[in-house]
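Visitor: Input: one structure, supplied below.
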Amino acid sequence: MYSDFADRLATTMWQDFDRTPSREDNPAEITDVSTVVVDGNFPWTIVTVETDTGVTGVGEAYPSPGVHEVITDYFEPVLRGENPLDVERLYNLMRASLSGRGSQQGIGTIAISGIELALWDTAGKLLDQPVYQLLGGKMRDEVRMYADCHGGEGMVAAARNDQRTETYEAEAYARSARDAVDDGYEIVKFDLDVPSGRDIDTLSRHLDKPELEHKRRLVEAVTDEVGDEAEVTVDLHWNLSVEAAERLCAILEPYDLAWIEDPIPPENESAMTRLNRSVDQQLLTGENRYGRHGFRDLVERQSVAFVAPDIPKTGGIAETKKIAELAETSYMTLAPHNIGSPVATMAGVHVGASVPNFLGLEFHARDVPWWDDLVDTDEPLIRNGYIDVPDDPGLGIELDWDVVETHRKR
Ligand SMILES: [Mg+2]
């Protein structure tokens, strides 16, 4: 009796992994984990998990240098022979196996996230159930997408534009907003940390009056154009000091923005909390945060109104659902960051379907005309600004591997 108790007491997480369910009973075994990089507006890193049943699951890891090696050289041997239905156990196994070497954030967590997405797709296909069902069922039949309009002419055009400033003029922003609203998007987002054409010291994080005025004009152009047809948001990519953010937020007050994203650097909850209390704007952050612990202080201190984890970066589908549940304890709203292919996007759709406090999922590939071609279907995934929550097993899409091959990054 005592020895049984002591035995159980000694069963730490680590030892648990030596007591995994017998592999002989596995309904399926992982036989291979690999990646393919698609040359989109980011290097979309597609992850495949193959099993001995013939079922293959597909996931996506956040575009990061070295993630291919971490997945194929490190995690493939860790996962080979494991039961892909044990998604949460394998998530913990991967984290434990990389303990002290990046399991909490950065490239290690990104690799784990990409595999986790593929495991959910695999499990769904093996059980003939959509991922949202495995997460507890759905709250909604369709998931709102919001349009990242980047600079006015889109990211690809901006990269090609030597002058760059033409892209970041009020007229271009207004045109881009009109296009997105006409396509059915109810929320449009624009980068506001963009060149004004003046030579300024960006490292100081300060905004002088002409810079503030340039940003005000861009926001005015967009909000004038869309009126009540859509919510407008702006992204500042961590570029401002607290004082600059306070001045900018004050100047933008009349435009009734849905949120202001990442005005200040991401590391300091106290600074974000101060900003949140001192401005009359809703703030959003989260794409540089990892897992529940990366959001805990933010949620407890109520430093923002919206949390925006990036699903193929922060820990994956289940971890994002847990972040949403954590955020809900402070009545905060989830609006996941997404710069991915249709695979990462569908992961966001299943999370968005399965949590109550969801507002919208980012779509960042409006200037990639073949984004939909990656999916083996004739219908566009996004229709009128929404994606229908699919009832097909797993993530609910099949990639067109010929199209993947065409755009494969060598
Ligand atoms: Mg952002």
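The way I read the labels, and the way they are meant: chains A, B, ... in the order of the structure tokens, residue 1 as the first residue of every chain, and ligand 1 as the first ligand shown, with later ones counted on from there.
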Excluding region 258-260 of chain A and any residue of its chain fewer than 5 positions from it, enumerate the residues within 6 Å of it, using only C-alpha atoms, and give them as a PyMOL selection string.

Guide: chain A and resi 231-234+282-283

Visitor: Would you put the residues from that selection into a file with N, CA and C atoms, as a PDB file, in the first residue's frame?

Guide:
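New file out.pdb:
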```
ATOM      1  N   GLU A 231     -14.894  48.302 -39.031  1.00  0.00           N
ATOM      2  CA  GLU A 231     -14.034  48.759 -37.940  1.00  0.00           C
ATOM      3  C   GLU A 231     -12.625  48.931 -38.498  1.00  0.00           C
ATOM      4  N   VAL A 232     -11.929  49.928 -37.986  1.00  0.00           N
ATOM      5  CA  VAL A 232     -10.562  50.189 -38.451  1.00  0.00           C
ATOM      6  C   VAL A 232      -9.601  49.979 -37.278  1.00  0.00           C
ATOM      7  N   THR A 233      -8.480  49.301 -37.572  1.00  0.00           N
ATOM      8  CA  THR A 233      -7.442  49.108 -36.565  1.00  0.00           C
ATOM      9  C   THR A 233      -6.091  49.443 -37.187  1.00  0.00           C
ATOM     10  N   VAL A 234      -5.122  49.746 -36.322  1.00  0.00           N
ATOM     11  CA  VAL A 234      -3.771  50.048 -36.818  1.00  0.00           C
ATOM     12  C   VAL A 234      -2.734  49.282 -35.998  1.00  0.00           C
ATOM     13  N   GLN A 282      -8.527  51.235 -27.156  1.00  0.00           N
ATOM     14  CA  GLN A 282      -8.389  49.815 -26.853  1.00  0.00           C
ATOM     15  C   GLN A 282      -7.064  49.327 -27.431  1.00  0.00           C
ATOM     16  N   LEU A 283      -6.330  48.553 -26.663  1.00  0.00           N
ATOM     17  CA  LEU A 283      -5.015  48.070 -27.099  1.00  0.00           C
ATOM     18  C   LEU A 283      -5.061  46.572 -27.359  1.00  0.00           C
TER      19      LEU A 283
END
```

Visitor: Which chains and residue numbers are within 9 Å of ligand 1, counting only C-alpha atoms and all ligand atoms, if I want them as a PyMOL selection string?

Guide: chain A and resi 191+234-238+261-262+284-288+308+337-338

Visitor: Find the residues around Arg274 (chain A) up to 8 Å (only C-alpha atoms counted), leave out those fewer than 4 positions away in its own chain, and share them as a PDB file with C-alpha atoms, in the first residue's frame.

Guide:
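Contents of result_27.pdb, as written:
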```pdb
ATOM      1  CA  SER A 270       3.924  47.406 -16.501  1.00  0.00           C
ATOM      2  CA  SER A 278      -3.584  56.590 -19.614  1.00  0.00           C
ATOM      3  CA  SER A 303      -3.056  45.548 -19.718  1.00  0.00           C
TER       4      SER A 303
END
```

Visitor: Go ahead and compute the interatomic distance for CA of Leu79 (chain A) and CA of Asp400 (chain A), in Å to one decimal.

Guide: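 These atoms are spaced 25.8 Å apart.
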
Visitor: So how many Å separate CA of Thr53 (chain A) and CA of Glu76 (chain A), to one decimal?

Guide: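 These atoms are spaced 17.4 Å apart.
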
Visitor: For region 241-247 of chain A, find every residue with an atom within 12 Å (counting only C-alpha atoms), except residues of its own chain fewer than 3 positions away, and show them as number ranges by chain.

Guide: A: 192-193, 202-209, 211-213, 215-216, 235-238, 250-253, 260-266, 268-281, 283

Visitor: Kindly give the distance, in Å, that separates CA of Tyr386 (chain A) and CA of Val47 (chain A), rounded to a single decimal.

Guide: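 One can read the CA of Tyr386 (chain A) to CA of Val47 (chain A) distance as 25.1 Å.
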
Visitor: Tell me, which residues of region 58-238 of chain A carry DSSP strand (DSSP E or B), written as number ranges by chain?

Guide: A: 58-61, 130, 142-148, 187-191, 231-235

Visitor: So that I can see what lies close to Tyr185 (chain A), please list as a list in words the residues with an atom at most 9 Å from it, counting only C-alpha atoms and leaving out residues fewer than 4 positions away in the same chain.

Guide: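 Result of the neighbour search: Arg144, Met145, Tyr146, Ala147, Ala180, Val181, Glu229, Ala230, Asn384, Gly385 and Tyr386 of chain A.
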
Visitor: Where in region 21-224 of chain A does DSSP assign helix (DSSP H, G or I), given as a PyMOL selection string?

Guide: chain A and resi 23-25+67-79+87-97+107-127+131-134+155-160+165-168+170-182+202-204+209-224
